[in-house]
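Chemist: Dropping the structure in here first, questions after.
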Amino acid sequence: MKYSIIVPVYNRPDEVDELLESLSNQTQKDFEVIIVEDGSVKPCKDVCDKYAGILALHYYAKENSGPGQSRNYGAERANGEWLIVLDSDVVLPEGYLAAVDSAISHQPSDFAAFGGPDAAHPSFTPVQKAISYSMTSFFTTGGIRGGKAKLDKFYPRSYNMGIRRDVYLKLGGFTKMRFGEDIDFSYRIVEAGYQPRLFPDAWVWHKRRTDFRKFFRQVYNSGIARINLEKRHPGTLKLVHLLPTVFTLGVIACILLFALGAAMYGYGEWLDANNLRPTDNMHQGVGFVLCILALLPLLFYSLVIFIDSSLRNRSLWVGLLSIPAAFVQLMGYGLGFIESWWKRCILKKDEFQAFERTFYK
């Protein structure tokens with residue numbers, strides 16, 4: 001057996017059905033599928049039973065311990081030379097495994113880990129497409145996630161990650177971190193002397209979150225994880241990781257500047273209404289200029305996002321939704337980063353004291 005595909009699942013039977021269907025259509029057939037039910041209230045066993053005669057599928061159910069530990073659980077029971085970790089909310093094009101197989105065949109014998117990019121499927125909702133755009137666009141630092149143009153060294157993510165089984169077990173797999181555990185694992189792979197490769201042709205369709213509230217929580221937790229990752233792996237915090245925080249502070253500054261301008265304009269109106277000064281409109285003029293200066297960068301960035309996303313998705317509606325998606329992504333990450341920096345670096349709390357809920361017991 002060459003490949004073992006490991007999928008942790010938590011209350012996602014419908015997603016598992018779509019993923020297994022896409023796996024049944026793979027042109028490369030030398031693989032097994034390991035589904036690890038992580039304490040779900042809505043299990044997917046009935047779904048897995050549908051594919052029992054189609055795929056070499058193994059279903060395991062256990063108590064909830066988080067996706068990282070569930071992946072480790074599956075890895076311990078895998079038979080493949082290569083372990084491919086996928087999230088349950090991905091769908092594979094039929095040539096995914098063939099692309100992986102071709103890329104591995106061109107690597108040196110000591111090659112040990114890889115990852116691939118993600119994309120939005122035409123059937124995704126407009127919100128899902130907008131969120132996918134915000135997570136992959138160069139204009140939102142999404143290039144660091146596995147596109148061809150990247151701002152940082154490539155580190156595989158758990159929605160599309162492959163590693164040789166012996167290396168996985170040697171490194172102990174994923175930790176109990178609730179957020180950022182995949183990046184932590186990628187860092188440990190590199191620190192062990194292996195260099196993960198990006199396989200651009202081994203891409204997946206990734207559904208991501210279905211609304212902006214859930215998306216905000218996801219990226220907020222990612223911002224928290226970034227400081228925890230720097231504490232665990234000193235020197236891994238790069239300039240690109242600070243961009244969402246700089247963006248967040250910039251937006252806050254623009255909002256404050258706009259509020260100041262509006263206050264000055266309103267104050268000038270009040271003075272005029274009460275005949276308390278000559279009507280030279282100075283306050284209104286300065287206030288108006290400040291409001292324009294505050295809005296211009298936000299409007300310019302929104303226009304760039306709208307045009308780029310509309311062209312990429314061939315939809316003005318998705319382009320419009322990509323504006324709030326981009327702001328949610330960058331500001332959610334930035335706010336989580338700031339909170340984590342304050343608790344970890346200023347208050348000097350350890351990762352368990354600062355964010356008890358971000359770790360599985």
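Labels for the structure tokens follow display order: chains A, B, ..., residues from 1 in each chain, ligands from 1.
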For the contact check between range 181-216 of chain A and range 58-74 of chain A, emit one row per residue of range 181-216 of chain A within 12 Å, containing the shortest atom pair and the distance in Å rounded to one decimal, counting only C-alpha atoms, chain then rising number order, as JSON lines.
Modeler:
{"residue": "A:Glu181", "atom": "CA", "partner": "A:Gly68", "partner_atom": "CA", "distance": 6.7}
{"residue": "A:Asp182", "atom": "CA", "partner": "A:Gly68", "partner_atom": "CA", "distance": 7.8}
{"residue": "A:Ile183", "atom": "CA", "partner": "A:Gly68", "partner_atom": "CA", "distance": 11.3}
{"residue": "A:Asp184", "atom": "CA", "partner": "A:Gly68", "partner_atom": "CA", "distance": 10.7}
{"residue": "A:Phe185", "atom": "CA", "partner": "A:Gly68", "partner_atom": "CA", "distance": 9.6}
Chemist: With range 2-19 of chain A as the partner and 12 Å as the cut-off, tabulate the residues of range 139-258 of chain A that qualify, each row holding the nearest pair of atoms and their distance in Å to one decimal, using only C-alpha atoms, sorted by chain and rising number, as a tab-separated table.
Modeler:
residue	atom	partner	partner_atom	distance
A:Ser158	CA	A:Val7	CA	9.7
A:Tyr159	CA	A:Val7	CA	9.3
A:Asn160	CA	A:Ile5	CA	10.2
A:Met161	CA	A:Ile5	CA	9.9
A:Gly162	CA	A:Ile5	CA	8.9
A:Ile163	CA	A:Tyr3	CA	9.9
A:Arg164	CA	A:Tyr3	CA	9.2
A:Arg165	CA	A:Ser4	CA	8.8
A:Val204	CA	A:Leu19	CA	10.4
A:Trp205	CA	A:Leu19	CA	9.9
A:His206	CA	A:Leu19	CA	10.5
A:Lys207	CA	A:Glu15	CA	9.3
A:Arg208	CA	A:Glu15	CA	11.2
Chemist: Mind pulling up the distance from CA of Phe216 in chain A to CA of Pro234 in chain A?
Modeler: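 Taking CA of Pro234 in chain A and CA of Phe216 in chain A, their separation equals 26.7 Å.
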Chemist: CA of Phe327 in chain A to CA of Ser340 in chain A: how many Å, to one decimal?
Modeler: 19.5 Å
Chemist: Quote the spacing between CA of Phe212 in chain A and CA of Phe337 in chain A in Å to one decimal place.
Modeler: 18.6 Å
Chemist: Could you list, as a PyMOL selection string, every residue within 12 Å of Glu32 in chain A, counting only C-alpha atoms and ignoring same-chain residues fewer than 5 positions away?
Modeler: chain A and resi 1-7+20+23-24+26+51-52+54-59+74-75+77-84+97
Chemist: Can you pull out every residue from range 65-252 of chain A that DSSP, working from the backbone, puts in strand (DSSP E), and format the result as a PyMOL selection string?
Modeler: chain A and resi 82-86+90-91+113-115+118-119+160-164+197-198+204-206
